[in-house]
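Chemist: The structure follows.
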Amino acid sequence: MLVLQTFTKCQYRQCYSEKIKNFSYQKEWKTELDFFEIEEININDLPSKSLVTVRNKTMAISKWVSPKRTRSYPYARVYDTYDQPCACKVVTIIPLIKDEGADGDIDYLQWDTVSLMSLLNVYVIIGYYSSAENNLRRKNKITHQCFNHNFILKQLELLTNYHQSALHWNLDQLSPEKLSLIAVLSKKSYQNISEKLRVEMHSFERFDNFSNKLTHDRELFMKYSRDKAQTAQNREFLTLQPKESLIGIGKKKKITLENYLGGYYFFTVDDVLEKSNTLYLIESKHSKNSLLPSNDDIKDGLLKLMLYNNVSTLKESEQEKTFEVVLRLTSSMLRETICLPQPPESLEHYIYRYSFTKNQSATLHTLNKECQINHFEVWVE
């Protein structure tokens with residue numbers, strides 16, 4: 001169920017009666033990933049997304065550079081590893097905590113990030129950074145942080161013989177015992193990094209406070225994560241992002257999605273437009289100097305559409321609404337709109353008229369197939 005509503009703190013617990021029970025999506029946008037043997041490479045030397053053979057089993061693996069979902073397109077990376085035919089499992093590696101030093105940011109893993117991956121049947125390995133380098137521009141900031149290779153490797157080896165769903169694995173990863181262990185290892189590593197590089201980090205009391213929320217009560221961790229997610233949602237709700245269209249066509253709305261396991265996902269839809277008693281939920285991606293936004297931008301939007309496309313009902317002020325899901329790709333260089341899906345010849349005529357590049361043309365044809373199969377729309381304008 002999707003709910004369009006402005007929420008106050010903790011109010012979300014009383015707003016839901018229906019849930020996502022099934023998830024299906026057919027990908028047409030295939031990405032060819034490089035193959036690696038885990039015995040021959042360090043985890044940190046892997047690309048951000050790749051196929052990795054561990055004990056004769058191949059997994060599609062992506063890596064997050066931060067627990068924060070808005071950094072370096074982690075959703076696009078997960079999208080690219082999703083539905084790889086030769087992979088026995090789809091895995092994503094996320095740090096529990098990332099501290100960039102006192103002059104940088106500090107980010108923490110959120111409960112619902114892992115819940116979201118469970119919904120997509122993606123296995124999560126929660127890791128920690130154990131080495132880094134000085135940032136040359138800021139005294140108390142670090143860069144080039146590296147995961148502890150041996151810790152990640154051990155988890156991958158365990159996964160080779162794991163036969164339950166990603167949900168079961170991820171819930172185990174979120175157990176207080178495991179989270180507490182990783183929190184302790186993260187704190188010790190950052191203390192060592194601080195001493196070795198002579199860099200001041202954020203107060204280690206923050207680590208202790210976060211660790212207490214992880215270990216004392218699962219509900220406390222969930223509430224803490226959701227409060228932070230809602231704060232980010234509120235901030236995004238008031239902000240026009242540079243890669244959103246400068247001209248909105250509807251109202252920015254908060255969307256809170258709940259799955260049947262009690263996982264909550266807080267998003268902000270760029271535009272919600274009501275037309276002929278139908279609500280259009282529109283994820284917008286904008287490009288100023290190109291005919292299309294980047295592929296990573298588009299894939300980031302597609303991952304959200306994968307979720308919205310699987311909800312049963314949408315409610316606004318307790319009233320059920322008919323709705324359609326739309327990916328809107330805008331460009332300052334375009335003067336006409338095309339709504340996908342279209343017959344291939346109509347799309348080809350549009351492509352020819354605006355001289356899209358070969359790669360952009362391939363992207364449009366792939367989107368044309370993907371939205372047709374999965375019953376959503378793509379507006380290019």
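For the structure tokens, the naming scheme is as follows: chains receive sequential letters (A, B, ...) according to their order of presentation, residues are indexed from 1 within each chain, and ligands are indexed from 1 in presentation order.
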I want to know what sits within 8 Å of A:Tyr108, based on only C-alpha atoms, with residues of the same chain fewer than 4 positions away left out; could you give that as a ChimeraX atom specification?

Modeler: /A:67-68,96-98

Chemist: With N, CA and C atoms retained, could you export that selection as a compact mmCIF listing (two decimals), in the first residue's frame?

Modeler:
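again-v9.txt written:
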# COMPACT_ATOMS: atom_id res chain seq x y z
N PRO A 67 26.62 4.22 3.75
CA PRO A 67 25.28 3.70 4.08
C PRO A 67 24.17 4.58 3.52
N LYS A 68 24.50 5.81 3.15
CA LYS A 68 23.49 6.75 2.67
C LYS A 68 23.14 6.45 1.23
N LEU A 96 28.35 -0.33 7.75
CA LEU A 96 27.44 0.01 8.85
C LEU A 96 27.55 1.50 9.18
N ILE A 97 28.78 2.00 9.21
CA ILE A 97 29.05 3.40 9.53
C ILE A 97 30.14 3.90 8.58
N LYS A 98 30.01 5.14 8.14
CA LYS A 98 31.09 5.78 7.41
C LYS A 98 31.37 7.14 8.03

Chemist: Here is a test: counting only C-alpha atoms, which residue of A:Met201, A:Leu181, A:Ile152, A:Ile38 is nearest to A:Asn134?

Modeler: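 Counting only C-alpha atoms, the residue closest to A:Asn134 is A:Met201.
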
Chemist: List the spatial neighbours of stretch 27-37 of chain A as a count of residues only - criterion: any atom at most 12 Å away, only C-alpha atoms, same-chain residues fewer than 3 positions off excluded.

Modeler: 57

Chemist: Excluding same-chain residues fewer than 6 positions from stretch 320-334 of chain A, what lies within 9 Å of it counting only C-alpha atoms, as a PyMOL selection string?

Modeler: chain A and resi 244-245+274+277-293+298+301-302+305+308-309+313-314+354+375-381

Chemist: Suppose we keep C-alpha atoms; can you now write the selection as a short mmCIF file (atom, residue, chain, number, x, y, z; two decimals), in the first residue's frame?

Modeler:
data_model
loop_
_atom_site.label_atom_id
_atom_site.label_comp_id
_atom_site.auth_asym_id
_atom_site.auth_seq_id
_atom_site.Cartn_x
_atom_site.Cartn_y
_atom_site.Cartn_z
CA GLU A 244 14.97 17.43 -11.26
CA SER A 245 13.15 19.42 -13.91
CA GLU A 274 -4.16 14.32 -10.85
CA ASN A 277 -9.53 11.01 -11.44
CA THR A 278 -6.17 9.27 -11.80
CA LEU A 279 -3.07 10.14 -9.82
CA TYR A 280 0.23 10.00 -11.70
CA LEU A 281 3.22 9.29 -9.46
CA ILE A 282 6.12 10.84 -11.35
CA GLU A 283 9.82 10.27 -10.69
CA SER A 284 11.66 13.07 -12.49
CA LYS A 285 15.21 13.13 -13.81
CA HIS A 286 16.51 16.23 -15.56
CA SER A 287 19.44 17.06 -17.78
CA LYS A 288 20.50 20.57 -18.69
CA ASN A 289 23.18 19.85 -21.29
CA SER A 290 22.16 16.49 -22.71
CA LEU A 291 19.08 15.10 -24.46
CA LEU A 292 18.71 12.48 -21.70
CA PRO A 293 19.75 12.26 -18.04
CA ILE A 298 17.49 6.78 -14.98
CA GLY A 301 14.43 6.18 -10.83
CA LEU A 302 13.65 2.73 -12.21
CA LEU A 305 9.35 2.38 -9.93
CA TYR A 308 5.66 1.54 -6.77
CA ASN A 309 4.64 -0.85 -9.52
CA THR A 313 -3.61 0.46 -3.42
CA LEU A 314 -2.82 4.11 -2.99
CA TYR A 354 16.30 15.17 -32.24
CA HIS A 375 2.93 -1.48 -17.22
CA PHE A 376 4.28 1.96 -16.41
CA GLU A 377 4.94 5.03 -18.54
CA VAL A 378 8.05 7.00 -19.46
CA TRP A 379 7.61 10.62 -20.48
CA VAL A 380 10.48 12.14 -22.43
CA GLU A 381 10.12 15.90 -22.73
#

Chemist: To one decimal place, how far is atom CA of A:Gly101 from atom CA of A:Tyr123 in Å?

Modeler: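 Computing it gives 29.2 Å between the two atoms.
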
Chemist: Enumerate the residues of stretch 283-368 of chain A with a DSSP assignment of strand (DSSP E or B), computed from the backbone, and present them as a list in words.

Modeler: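 These are the residues in question: Glu283, Ser284, Lys285, His286, Ser287, Leu314, Lys315, Glu316, Gln319, Glu320, Lys321, Thr322, Phe323, Glu324, Val325, Val326, Leu327, Arg328, Leu329, Thr330, Ser331, Ile338, Cys339 and Leu340 of chain A.
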
Chemist: Export C-alpha atoms of the chosen residues as a PDB file, in the first residue's frame?

Modeler:
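Generated output (again25.pdb):
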ATOM      1  CA  GLU A 283       9.816  10.274 -10.688  1.00  0.00           C
ATOM      2  CA  SER A 284      11.659  13.072 -12.492  1.00  0.00           C
ATOM      3  CA  LYS A 285      15.211  13.134 -13.806  1.00  0.00           C
ATOM      4  CA  HIS A 286      16.507  16.234 -15.558  1.00  0.00           C
ATOM      5  CA  SER A 287      19.442  17.057 -17.781  1.00  0.00           C
ATOM      6  CA  LEU A 314      -2.819   4.113  -2.993  1.00  0.00           C
ATOM      7  CA  LYS A 315      -4.561   6.218  -0.380  1.00  0.00           C
ATOM      8  CA  GLU A 316      -4.747   9.965   0.064  1.00  0.00           C
ATOM      9  CA  GLN A 319      -9.462   7.628   0.248  1.00  0.00           C
ATOM     10  CA  GLU A 320      -8.379   5.034  -2.315  1.00  0.00           C
ATOM     11  CA  LYS A 321      -7.071   6.454  -5.578  1.00  0.00           C
ATOM     12  CA  THR A 322      -6.512   5.042  -9.041  1.00  0.00           C
ATOM     13  CA  PHE A 323      -2.884   5.643  -9.933  1.00  0.00           C
ATOM     14  CA  GLU A 324      -0.272   5.261 -12.661  1.00  0.00           C
ATOM     15  CA  VAL A 325       3.496   5.216 -12.265  1.00  0.00           C
ATOM     16  CA  VAL A 326       5.647   7.422 -14.506  1.00  0.00           C
ATOM     17  CA  LEU A 327       9.349   8.030 -15.075  1.00  0.00           C
ATOM     18  CA  ARG A 328       9.723  11.566 -16.452  1.00  0.00           C
ATOM     19  CA  LEU A 329      12.969  12.351 -18.283  1.00  0.00           C
ATOM     20  CA  THR A 330      13.319  16.046 -19.038  1.00  0.00           C
ATOM     21  CA  SER A 331      15.925  18.026 -20.938  1.00  0.00           C
ATOM     22  CA  ILE A 338       6.819  11.478 -26.281  1.00  0.00           C
ATOM     23  CA  CYS A 339       5.046   9.056 -23.954  1.00  0.00           C
ATOM     24  CA  LEU A 340       6.415   5.526 -23.875  1.00  0.00           C
TER      25      LEU A 340
END

Chemist: Separation of atom CA of A:Arg353 and atom CA of A:Glu336, in Å?

Modeler: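 The value is 10.1 Å.
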
Chemist: Calculated over only C-alpha atoms, which of the candidates A:Phe23, A:Tyr190, A:Tyr265, A:Ile125 has the smallest distance to A:Lys154?

Modeler: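 Closest candidate: A:Ile125.
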